[in-house]
Structures are given as C-alpha cells and as structure tokens.
file entry.txt (compact mmCIF, C-alpha atoms and all ligand atoms)
# COMPACT_ATOMS: atom_id res chain seq x y z
CA MET A 1 17.94 2.02 -8.35
CA TYR A 2 14.91 2.71 -10.50
CA GLN A 3 12.88 -0.20 -11.76
CA LEU A 4 9.47 -0.96 -13.20
CA ARG A 5 8.24 -4.19 -11.70
CA LYS A 6 5.29 -6.33 -12.67
CA ASP A 7 3.04 -7.89 -10.03
CA TYR A 8 3.29 -11.67 -9.63
CA ILE A 9 -0.21 -12.24 -10.87
CA LEU A 10 -1.77 -9.06 -12.16
CA ASP A 11 -0.82 -6.93 -15.11
CA LYS A 12 0.02 -4.19 -12.66
CA TRP A 13 3.30 -2.31 -12.52
CA VAL A 14 5.08 -0.48 -9.77
CA ILE A 15 8.12 1.80 -9.85
CA VAL A 16 10.72 0.80 -7.30
CA SER A 17 13.07 3.64 -6.44
CA SER A 18 15.57 3.34 -3.65
CA VAL A 19 16.65 6.97 -4.21
CA ARG A 20 13.34 8.39 -3.09
CA GLY A 21 13.60 6.22 -0.01
CA LYS A 22 16.48 8.38 1.20
CA ARG A 23 14.12 11.27 1.89
CA PRO A 24 13.80 11.91 5.60
CA VAL A 25 10.74 10.34 7.12
CA GLN A 26 9.48 11.00 10.58
CA PHE A 27 7.26 8.57 12.37
CA GLN A 28 5.06 10.43 14.75
CA LYS A 29 3.66 8.79 17.81
CA GLU A 30 -0.10 9.06 17.94
CA GLU A 31 -1.38 9.94 21.37
CA SER A 32 -4.59 8.67 22.86
CA SER A 33 -6.79 11.72 22.50
CA LEU A 34 -9.60 10.31 24.58
CA LYS A 35 -9.70 9.13 28.17
CA ALA A 36 -10.91 5.56 28.73
CA LYS A 37 -14.07 6.70 30.53
CA ASP A 38 -15.24 8.53 27.39
CA CYS A 39 -14.23 5.75 24.97
CA VAL A 40 -17.14 3.74 23.54
CA PHE A 41 -14.91 0.71 23.02
CA CYS A 42 -13.77 0.59 26.67
CA PRO A 43 -15.10 -1.76 29.39
CA GLY A 44 -17.96 -0.04 31.24
CA ASN A 45 -19.30 1.59 28.07
CA GLU A 46 -20.71 -1.57 26.46
CA ASP A 47 -24.20 0.00 26.42
CA LYS A 48 -22.94 2.79 24.15
CA THR A 49 -22.26 0.42 21.21
CA PRO A 50 -24.90 -1.41 19.13
CA SER A 51 -25.86 -4.69 20.78
CA GLU A 52 -23.14 -7.28 20.86
CA ASN A 53 -22.91 -10.12 18.30
CA PHE A 54 -20.12 -12.09 19.93
CA ARG A 55 -17.59 -11.88 22.76
CA PHE A 56 -14.50 -13.82 23.81
CA GLU A 57 -14.07 -13.99 27.57
CA GLU A 58 -11.20 -14.79 29.91
CA LYS A 59 -11.72 -15.10 33.66
CA GLY A 60 -15.28 -13.77 33.31
CA LYS A 61 -14.27 -10.61 31.43
CA TRP A 62 -14.43 -9.95 27.71
CA THR A 63 -11.08 -9.58 25.97
CA ILE A 64 -12.47 -9.41 22.41
CA ARG A 65 -15.90 -7.99 21.58
CA CYS A 66 -17.87 -7.85 18.29
CA PHE A 67 -20.86 -5.63 17.39
CA PRO A 68 -22.32 -3.98 14.27
CA ASN A 69 -20.54 -0.86 13.07
CA LYS A 70 -22.58 2.22 13.90
CA PHE A 71 -21.44 3.82 10.66
CA PRO A 72 -21.40 0.92 8.19
CA ALA A 73 -19.94 1.03 4.69
CA VAL A 74 -22.52 -1.52 3.51
CA GLY A 75 -26.04 -2.31 4.65
CA GLY A 76 -29.48 -3.75 3.93
CA SER A 77 -30.16 -1.35 1.08
CA THR A 78 -32.74 -2.64 -1.41
CA PHE A 79 -33.02 0.09 -4.04
CA PRO A 80 -33.04 -1.30 -7.62
CA LYS A 81 -30.01 -1.44 -9.90
CA ASN A 82 -29.51 1.63 -12.06
CA LYS A 83 -28.34 0.64 -15.56
CA GLU A 84 -28.51 4.13 -17.03
CA LYS A 85 -25.59 5.06 -19.31
CA PHE A 86 -22.81 6.77 -17.29
CA PHE A 87 -24.76 6.39 -14.06
CA GLN A 88 -24.70 2.68 -13.30
CA ALA A 89 -25.22 1.84 -9.67
CA GLU A 90 -26.24 -1.02 -7.45
CA PRO A 91 -26.86 -1.31 -3.74
CA ALA A 92 -23.92 -1.95 -1.47
CA PHE A 93 -25.59 -4.83 0.40
CA GLY A 94 -23.85 -6.42 3.33
CA TYR A 95 -22.76 -6.32 6.96
CA HIS A 96 -20.10 -4.28 8.72
CA GLU A 97 -18.89 -5.40 12.13
CA VAL A 98 -16.41 -3.96 14.63
CA ILE A 99 -14.10 -6.37 16.47
CA VAL A 100 -12.60 -4.63 19.51
CA ASP A 101 -9.40 -6.64 19.81
CA THR A 102 -8.26 -5.66 23.29
CA ARG A 103 -9.87 -4.62 26.57
CA GLU A 104 -7.15 -2.11 27.36
CA HIS A 105 -7.61 1.42 26.03
CA ASP A 106 -3.90 2.19 25.86
CA MET A 107 -2.67 -1.08 24.45
CA GLN A 108 -2.24 -1.70 20.73
CA LEU A 109 -2.49 -5.13 19.13
CA HIS A 110 1.27 -5.50 18.63
CA GLU A 111 1.72 -5.19 22.42
CA LYS A 112 -0.54 -8.16 23.14
CA ASN A 113 0.94 -11.62 23.68
CA ILE A 114 0.90 -14.63 21.33
CA THR A 115 -1.99 -16.31 23.17
CA HIS A 116 -4.15 -13.23 22.67
CA LEU A 117 -3.30 -13.13 18.95
CA TYR A 118 -4.16 -16.84 18.74
CA ASN A 119 -7.53 -16.12 20.40
CA LEU A 120 -8.13 -13.25 17.98
CA ILE A 121 -7.41 -15.54 15.00
CA ASN A 122 -10.14 -17.87 16.34
CA VAL A 123 -12.54 -14.91 16.64
CA TRP A 124 -11.77 -13.83 13.04
CA ILE A 125 -12.59 -17.40 11.93
CA ASN A 126 -15.81 -17.44 13.95
CA ARG A 127 -16.99 -14.13 12.46
CA ILE A 128 -16.00 -14.94 8.86
CA LEU A 129 -17.87 -18.28 9.03
CA TYR A 130 -20.90 -16.56 10.60
CA TYR A 131 -21.27 -13.96 7.83
CA ARG A 132 -20.32 -16.31 5.02
CA LYS A 133 -23.46 -18.36 5.68
CA LYS A 134 -25.77 -15.36 5.25
CA SER A 135 -27.75 -15.22 2.04
CA ARG A 136 -26.47 -13.00 -0.80
CA ILE A 137 -22.99 -12.74 0.79
CA THR A 138 -20.22 -13.59 -1.67
CA TYR A 139 -17.21 -11.93 -0.05
CA VAL A 140 -16.01 -11.42 3.52
CA GLN A 141 -12.97 -9.34 4.47
CA VAL A 142 -11.42 -8.76 7.89
CA PHE A 143 -9.10 -5.81 8.22
CA LYS A 144 -7.35 -3.61 10.70
CA ASN A 145 -6.35 0.03 10.30
CA HIS A 146 -3.54 0.95 12.68
CA LEU A 147 -3.16 4.68 13.41
CA LYS A 148 -4.93 7.66 11.86
CA GLU A 149 -2.84 7.70 8.67
CA ALA A 150 -4.06 4.16 7.91
CA GLY A 151 -7.68 5.22 8.19
CA THR A 152 -8.67 4.55 11.76
CA SER A 153 -10.92 7.06 13.46
CA ILE A 154 -11.06 5.49 16.93
CA PHE A 155 -7.87 5.15 18.95
CA HIS A 156 -8.93 2.04 20.94
CA SER A 157 -7.46 -0.94 19.04
CA HIS A 158 -10.00 -2.73 16.84
CA CYS A 159 -10.47 -4.69 13.60
CA GLN A 160 -13.41 -4.58 11.23
CA LEU A 161 -15.26 -7.09 9.08
CA VAL A 162 -17.16 -6.29 5.91
CA ALA A 163 -19.35 -8.97 4.32
CA SER A 164 -20.78 -7.96 0.97
CA SER A 165 -22.79 -9.22 -1.98
CA HIS A 166 -20.20 -7.76 -4.29
CA ILE A 167 -16.69 -9.11 -4.97
CA GLU A 168 -14.31 -6.17 -5.21
CA LYS A 169 -12.63 -5.73 -8.58
CA LEU A 170 -9.08 -6.28 -7.33
CA VAL A 171 -9.97 -9.57 -5.61
CA TYR A 172 -11.95 -10.72 -8.64
CA GLU A 173 -9.13 -9.89 -11.06
CA LYS A 174 -6.68 -11.73 -8.81
CA ALA A 175 -8.92 -14.82 -8.76
CA ILE A 176 -9.20 -14.75 -12.57
CA ALA A 177 -5.41 -14.36 -13.04
CA ILE A 178 -4.75 -17.21 -10.60
CA ASN A 179 -7.15 -19.51 -12.42
CA LYS A 180 -5.50 -18.70 -15.73
CA TYR A 181 -2.12 -19.73 -14.25
CA LYS A 182 -3.65 -22.89 -12.77
CA ARG A 183 -5.12 -23.90 -16.12
CA LYS A 184 -1.81 -23.35 -17.90
CA TYR A 185 0.61 -24.91 -15.37
CA LYS A 186 -1.76 -27.22 -13.46
CA LYS A 187 -0.60 -25.80 -10.10
CA CYS A 188 -1.12 -22.95 -7.68
CA PRO A 189 0.95 -19.85 -8.54
CA TYR A 190 1.41 -18.90 -4.89
CA CYS A 191 2.93 -22.30 -4.07
CA ASP A 192 5.44 -21.65 -6.88
CA ILE A 193 6.08 -18.07 -5.69
CA ILE A 194 6.73 -19.20 -2.10
CA LYS A 195 9.14 -21.89 -3.31
CA LEU A 196 11.09 -19.46 -5.53
CA GLU A 197 11.17 -16.64 -2.95
CA LYS A 198 12.45 -19.08 -0.30
CA LYS A 199 15.24 -20.05 -2.72
CA LYS A 200 16.13 -16.39 -3.42
CA LYS A 201 15.90 -15.46 0.31
CA SER A 202 16.36 -11.68 -0.17
CA ARG A 203 12.66 -10.79 0.15
CA ILE A 204 11.83 -13.11 3.07
CA ALA A 205 11.03 -11.05 6.18
CA PHE A 206 10.21 -13.94 8.52
CA GLU A 207 9.41 -17.63 8.25
CA ASN A 208 8.39 -20.50 10.48
CA LYS A 209 7.17 -24.07 9.99
CA SER A 210 3.74 -23.05 8.67
CA PHE A 211 4.13 -19.50 7.32
CA THR A 212 6.37 -17.34 5.14
CA ALA A 213 6.29 -13.53 5.27
CA ILE A 214 7.45 -12.14 1.93
CA CYS A 215 8.04 -8.53 0.87
CA PRO A 216 6.56 -8.98 -2.63
CA PHE A 217 8.81 -8.42 -5.67
CA ALA A 218 6.54 -5.64 -6.92
CA SER A 219 5.46 -4.32 -3.52
CA PHE A 220 3.06 -1.40 -3.77
CA TYR A 221 4.31 0.20 -0.55
CA GLY A 222 7.52 0.42 1.44
CA HIS A 223 7.67 -2.39 4.03
CA HIS A 224 4.68 -4.09 2.36
CA VAL A 225 4.58 -7.73 3.48
CA GLU A 226 2.37 -10.71 2.66
CA ILE A 227 2.12 -13.64 5.05
CA TYR A 228 1.52 -16.93 3.20
CA SER A 229 0.54 -20.28 4.66
CA ASN A 230 3.13 -22.83 3.52
CA ARG A 231 0.36 -25.37 3.04
CA CYS A 232 -1.89 -24.70 0.06
CA ILE A 233 -5.16 -23.97 1.81
CA LYS A 234 -7.85 -21.57 0.64
CA TYR A 235 -9.33 -20.23 3.84
CA ILE A 236 -8.20 -19.19 7.30
CA TRP A 237 -10.55 -21.70 8.95
CA GLU A 238 -8.66 -24.57 7.31
CA LEU A 239 -5.65 -23.87 9.56
CA ASN A 240 -4.97 -26.60 12.13
CA GLU A 241 -4.07 -25.79 15.75
CA SER A 242 -0.30 -25.69 15.29
CA GLU A 243 -0.66 -23.55 12.14
CA LYS A 244 -2.85 -21.06 14.03
CA LYS A 245 -0.13 -20.80 16.68
CA ASP A 246 2.51 -20.29 13.99
CA LEU A 247 0.33 -17.57 12.42
CA ALA A 248 0.08 -15.81 15.79
CA HIS A 249 3.89 -15.92 16.10
CA ILE A 250 4.64 -14.53 12.64
CA LEU A 251 1.88 -11.89 12.93
CA LYS A 252 3.38 -10.75 16.22
CA LYS A 253 6.79 -10.33 14.57
CA VAL A 254 5.42 -8.30 11.64
CA ILE A 255 3.10 -5.98 13.57
CA SER A 256 5.59 -5.52 16.43
CA LYS A 257 8.19 -4.18 14.02
CA LEU A 258 5.65 -1.75 12.54
CA GLY A 259 4.03 -0.85 15.84
CA LYS A 260 7.28 -0.14 17.69
CA ASN A 261 8.30 2.23 14.90
CA ASN A 262 4.86 3.94 14.86
CA VAL A 263 4.27 2.93 11.26
CA PRO A 264 0.58 3.16 10.28
CA TYR A 265 -0.58 0.01 8.49
CA ASN A 266 -3.57 -1.85 7.08
CA LEU A 267 -3.80 -5.56 7.76
CA VAL A 268 -6.12 -7.45 5.41
CA ILE A 269 -7.43 -11.01 5.27
CA ALA A 270 -8.73 -10.69 1.76
CA ASN A 271 -9.57 -14.17 0.63
CA GLY A 272 -12.93 -14.85 2.21
CA ILE A 273 -14.20 -15.16 -1.36
CA LYS A 274 -16.82 -17.86 -2.06
CA LEU A 275 -16.15 -18.43 -5.75
CA LYS A 276 -12.65 -19.22 -7.02
CA PRO A 277 -10.87 -19.06 -3.64
CA PHE A 278 -7.06 -18.91 -3.66
CA HIS A 279 -4.00 -19.64 -1.49
CA PHE A 280 -4.54 -18.19 1.99
CA HIS A 281 -2.50 -15.14 2.85
CA ILE A 282 -2.62 -11.98 4.94
CA ASN A 283 -1.67 -8.67 3.42
CA VAL A 284 0.06 -6.03 5.57
CA ALA A 285 0.34 -2.66 3.86
CA PRO A 286 2.21 0.08 5.76
CA ARG A 287 1.04 3.60 4.94
CA GLU A 288 4.11 5.71 5.63
CA PHE A 289 3.99 7.57 2.36
CA LYS A 290 1.12 9.46 0.78
CA GLU A 291 0.32 9.14 -2.92
CA GLY A 292 1.48 12.12 -4.95
CA GLY A 293 0.35 13.61 -8.26
CA PHE A 294 2.15 11.05 -10.39
CA GLU A 295 0.44 8.17 -8.62
CA ILE A 296 -2.98 9.79 -8.84
CA GLY A 297 -2.56 10.62 -12.53
CA THR A 298 -1.21 7.27 -13.68
CA GLY A 299 -2.37 4.76 -11.09
CA VAL A 300 1.27 3.58 -10.92
CA LEU A 301 2.54 3.64 -7.37
CA ILE A 302 6.09 4.73 -6.67
CA ASN A 303 7.52 2.56 -3.93
CA SER A 304 10.39 4.35 -2.21
CA VAL A 305 11.73 1.34 -0.32
CA THR A 306 12.92 -1.69 -2.27
CA PRO A 307 11.30 -4.95 -1.15
CA GLU A 308 14.78 -6.32 -0.48
CA ASN A 309 15.51 -3.44 1.91
CA SER A 310 12.06 -3.88 3.45
CA ALA A 311 12.80 -7.55 4.22
CA ALA A 312 16.16 -6.57 5.74
CA TRP A 313 14.42 -3.91 7.85
CA TYR A 314 11.95 -6.45 9.28
CA LYS A 315 14.81 -8.74 10.24
CA SER A 316 16.92 -5.97 11.76
CA LYS A 317 16.98 -5.52 15.55
ZN ZN B 1 -11.01 2.66 24.95
ZN ZN B 2 -0.99 -22.77 -3.22

call {"tool": "encode", "arguments": {"input": "entry.txt", "output": "structure tokens", "more": "lines below"}}
Ligand SMILES: [Zn+2]
Ligand SMILES: [Zn+2]
result
Amino acid sequence: MYQLRKDYILDKWVIVSSVRGKRPVQFQKEESSLKAKDCVFCPGNEDKTPSENFRFEEKGKWTIRCFPNKFPAVGGSTFPKNKEKFFQAEPAFGYHEVIVDTREHDMQLHEKNITHLYNLINVWINRILYYRKKSRITYVQVFKNHLKEAGTSIFHSHCQLVASSHIEKLVYEKAIAINKYKRKYKKCPYCDIIKLEKKKKSRIAFENKSFTAICPFASFYGHHVEIYSNRCIKYIWELNESEKKDLAHILKKVISKLGKNNVPYNLVIANGIKLKPFHFHINVAPREFKEGGFEIGTGVLINSVTPENSAAWYKSK
C-alpha cells in the first residue's frame, strides 16, 4: 500500500508505505556503558550535578530528582534581536531542567511500576507550573529521549524540561489550525477526532476510562502514538486523581511495548503553551528509522509502518 495522507490539523502530508515496512529491522539492545559509581545521575553523586531544584522522596530517599541542565539549549541570553536581511536572530531565552526519573542506574522508565509513573506525572505538573510562572516564559515542554538513537546522551533514565520565551513554529501552527476549526465548527477538533477514531477502531492502540492512545491517521513515524485525554482539558495539571492514575496505566502500556522491544522513542508533552492552548495529549514518536535523502529533500516523511499495523502491534502480545 502506498498512500499520501494529510495530517488531521496541519497542511502536512506523509507517505504511508507498507512495502517499505517489510525491510528487515534489527532492534539493538543498548548497554549501560558506565558503571553507577561514575554516573552523575546516580545516588551518591548528587554533588556532581548543578544544585537541585526539586526532589520527590520515598522512605527518606529521592526517587525523582530535578536540577538545571549543565548543557542547556536555552538560557538567560540578553543580546539584542538581529533584524538584518538573511541573518535574523533572537536570543533563545529560557530554562532547561533535567528530571532524573529513577534512582536505579540500570532501570528504564518502562520497567517502573504504575505508582512511580503516577508520582512522575505529579513531578511533571509541579515543574511545568513552576516554570510557567516565570516572566517572559510562553511555552513549556517536557520530553524524554529513550536510547541513543532518540537523542539521549546519558544512559541513566531521565526526562527534560525546556521553558522558553519562544513558541516553536510547529506548536504555533497547530494552535492556529485548531482555532480555525473551532471558529468554523464551534467545537474542539481533537474531541471530534477521538470520537471518530473510537468508532473506526483500527488505529486505537489502547484505551481506558480517561485516555485513548491513537496511532494517528497520518503518523509521521512507524509506531507513532498520541495519548489523548477523553475529557477536553487543555493542560496536564487539570487532570483529576483518577485521570492521573489512568494516564500512568496507559503510559505504562505504550512505553513497555517500545521498551521491551528496544525501540528508541521521544515522549513529548507539548501543550504547555500559554496562548491558545489545545486538547491535552502526549506524543510518543518512536525513532526506529532514519530519514533518507527523499525526506531531507522534500520534508515529506515516508512512514514504513501503516498506523493500522502500528495499532495492531501495540495490542499484540
Ligand atoms: Zn546512573
Ligand atoms: Zn477537545
């Protein structure tokens, strides 16, 4: 099957080709290259990280720990805007925090239990709310890169948070497209998408009372999945207690499937936007396949696994 598919919201197209998906793919297990005693994220080495912003403790020991990133992508830069033709630039102002999401050096997030994931969700909320209040911050994103191929440089499991004064183009374009739909139909497009996808069933990976995990119709990547709250809320901190527990359950299912198969992935909570917020969801983008020349030249991604097959894969034993 070869198909050009349009994104739900954006004027963005993706080629879906099940034929290319038949190529052999090997998942390689990434080994811990560093012993715990030399790892800066391990217990005992707390003095080797920048000073701590926040910690979550159980039985007197930290199980989640947050501190500024030593190598931030954004910072307190104050140089003036450059409006010169061809050379426009502005400072990348913001904050970049590391959230070490487990005490154990050799344990990845998908191996942790539901209670731990629930605690981590509360820490994400705490950190997002903390940075959102800072002046000049307009956008906060929490993300996790699992395995080297997904961009992580440190083996010890961790998430990151970037708070910036700049709303990234993709998020901004999404917000604009959503508002256009809202004006036209007087309702939230994601609520309509969830309803229709539930009816069609073929792209549903998992669902529970509060959440639906969908492999989007025009998925950019094989096994790409988006986890939507069934209730139309805008931000993660609007979740009530039972919804947070349901999120922990569905997250565990998604990342366990990827983790057990050694699939590198990026997990993104992308809607910490201040202006024009939209329906809360978490984006999980596996990174099994590298972009080739066609993708680089055209910007059109070729997805080798159909979203329908992706959903079936998630549900398979
Ligand atoms: Zn470690
Ligand atoms: Zn909605």

call {"tool": "closest_residue", "arguments": {"input": "entry.txt", "among": "A:Arg132, A:Lys59, A:His156, A:His116", "to": "ligand ZN 1 (chain B)", "atoms": "all atoms listed in the file"}}
result
A:His156

call {"tool": "closest_atom_pairs", "arguments": {"input": "entry.txt", "of": "chain A", "to": "ligand ZN 1 (chain B)", "cutoff": "7 Å", "atoms": "all atoms listed in the file", "output": "Markdown table"}}
result
| residue | atom | partner | partner_atom | distance |
| --- | --- | --- | --- | --- |
| A:Ala36 | CA | B:ZN1 | ZN | 4.8 |
| A:Cys39 | CA | B:ZN1 | ZN | 4.5 |
| A:Val40 | CA | B:ZN1 | ZN | 6.4 |
| A:Phe41 | CA | B:ZN1 | ZN | 4.8 |
| A:Cys42 | CA | B:ZN1 | ZN | 3.9 |
| A:Glu104 | CA | B:ZN1 | ZN | 6.6 |
| A:His105 | CA | B:ZN1 | ZN | 3.8 |
| A:His156 | CA | B:ZN1 | ZN | 4.6 |

call {"tool": "residues_near_ligand", "arguments": {"input": "entry.txt", "ligand": "ligand ZN 2 (chain B)", "cutoff": "6 Å", "atoms": "all atoms listed in the file", "output": "list in words"}}
result
Cys188, Tyr190, Cys191, Cys232 and His279 of chain A

call {"tool": "closest_residue", "arguments": {"input": "entry.txt", "among": "A:Asp106, A:Glu291, A:Glu149, A:Glu207", "to": "Asn262 in chain A", "atoms": "only C-alpha atoms"}}
result
A:Glu149

call {"tool": "closest_residue", "arguments": {"input": "entry.txt", "among": "A:Val263, A:Ile114, A:Val171, A:Leu251", "to": "Lys276 in chain A", "atoms": "all atoms listed in the file"}}
result
A:Val171

call {"tool": "closest_residue", "arguments": {"input": "entry.txt", "among": "A:Ser229, A:Asn126, A:Ser165, A:Asn119", "to": "Asn53 in chain A", "atoms": "only C-alpha atoms"}}
result
A:Asn126

call {"tool": "closest_residue", "arguments": {"input": "entry.txt", "among": "A:Ile99, A:Ala73, A:Leu10, A:Ala312", "to": "Ile204 in chain A", "atoms": "only C-alpha atoms"}}
result
A:Ala312

call {"tool": "residues_around", "arguments": {"input": "entry.txt", "residues": "range 92-95 of chain A", "least_positions_apart": "2", "cutoff": "12 Å", "atoms": "only C-alpha atoms", "output": "VMD selection string"}}
result
chain A and resid 53 67 to 81 89 to 90 97 to 98 127 to 128 130 to 132 134 to 142 160 to 168

call {"tool": "write_last_selection", "arguments": {"input": "entry.txt", "atoms": "C-alpha atoms", "output": "PDB file, in the coordinates of the input"}}
result
ATOM      1  CA  ASN A  53     -22.910 -10.120  18.300  1.00  0.00           C
ATOM      2  CA  PHE A  67     -20.860  -5.630  17.390  1.00  0.00           C
ATOM      3  CA  PRO A  68     -22.320  -3.980  14.270  1.00  0.00           C
ATOM      4  CA  ASN A  69     -20.540  -0.860  13.070  1.00  0.00           C
ATOM      5  CA  LYS A  70     -22.580   2.220  13.900  1.00  0.00           C
ATOM      6  CA  PHE A  71     -21.440   3.820  10.660  1.00  0.00           C
ATOM      7  CA  PRO A  72     -21.400   0.920   8.190  1.00  0.00           C
ATOM      8  CA  ALA A  73     -19.940   1.030   4.690  1.00  0.00           C
ATOM      9  CA  VAL A  74     -22.520  -1.520   3.510  1.00  0.00           C
ATOM     10  CA  GLY A  75     -26.040  -2.310   4.650  1.00  0.00           C
ATOM     11  CA  GLY A  76     -29.480  -3.750   3.930  1.00  0.00           C
ATOM     12  CA  SER A  77     -30.160  -1.350   1.080  1.00  0.00           C
ATOM     13  CA  THR A  78     -32.740  -2.640  -1.410  1.00  0.00           C
ATOM     14  CA  PHE A  79     -33.020   0.090  -4.040  1.00  0.00           C
ATOM     15  CA  PRO A  80     -33.040  -1.300  -7.620  1.00  0.00           C
ATOM     16  CA  LYS A  81     -30.010  -1.440  -9.900  1.00  0.00           C
ATOM     17  CA  ALA A  89     -25.220   1.840  -9.670  1.00  0.00           C
ATOM     18  CA  GLU A  90     -26.240  -1.020  -7.450  1.00  0.00           C
ATOM     19  CA  GLU A  97     -18.890  -5.400  12.130  1.00  0.00           C
ATOM     20  CA  VAL A  98     -16.410  -3.960  14.630  1.00  0.00           C
ATOM     21  CA  ARG A 127     -16.990 -14.130  12.460  1.00  0.00           C
ATOM     22  CA  ILE A 128     -16.000 -14.940   8.860  1.00  0.00           C
ATOM     23  CA  TYR A 130     -20.900 -16.560  10.600  1.00  0.00           C
ATOM     24  CA  TYR A 131     -21.270 -13.960   7.830  1.00  0.00           C
ATOM     25  CA  ARG A 132     -20.320 -16.310   5.020  1.00  0.00           C
ATOM     26  CA  LYS A 134     -25.770 -15.360   5.250  1.00  0.00           C
ATOM     27  CA  SER A 135     -27.750 -15.220   2.040  1.00  0.00           C
ATOM     28  CA  ARG A 136     -26.470 -13.000  -0.800  1.00  0.00           C
ATOM     29  CA  ILE A 137     -22.990 -12.740   0.790  1.00  0.00           C
ATOM     30  CA  THR A 138     -20.220 -13.590  -1.670  1.00  0.00           C
ATOM     31  CA  TYR A 139     -17.210 -11.930  -0.050  1.00  0.00           C
ATOM     32  CA  VAL A 140     -16.010 -11.420   3.520  1.00  0.00           C
ATOM     33  CA  GLN A 141     -12.970  -9.340   4.470  1.00  0.00           C
ATOM     34  CA  VAL A 142     -11.420  -8.760   7.890  1.00  0.00           C
ATOM     35  CA  GLN A 160     -13.410  -4.580  11.230  1.00  0.00           C
ATOM     36  CA  LEU A 161     -15.260  -7.090   9.080  1.00  0.00           C
ATOM     37  CA  VAL A 162     -17.160  -6.290   5.910  1.00  0.00           C
ATOM     38  CA  ALA A 163     -19.350  -8.970   4.320  1.00  0.00           C
ATOM     39  CA  SER A 164     -20.780  -7.960   0.970  1.00  0.00           C
ATOM     40  CA  SER A 165     -22.790  -9.220  -1.980  1.00  0.00           C
ATOM     41  CA  HIS A 166     -20.200  -7.760  -4.290  1.00  0.00           C
ATOM     42  CA  ILE A 167     -16.690  -9.110  -4.970  1.00  0.00           C
ATOM     43  CA  GLU A 168     -14.310  -6.170  -5.210  1.00  0.00           C
TER      44      GLU A 168
END

call {"tool": "atom_distance", "arguments": {"input": "entry.txt", "atom1": "CA of Ser256 in chain A", "atom2": "CA of Lys317 in chain A"}}
result
11.4 Å

call {"tool": "closest_residue", "arguments": {"input": "entry.txt", "among": "A:Leu109, A:Ala205, A:Ile233, A:Ile227", "to": "His146 in chain A", "atoms": "all atoms listed in the file"}}
result
A:Leu109
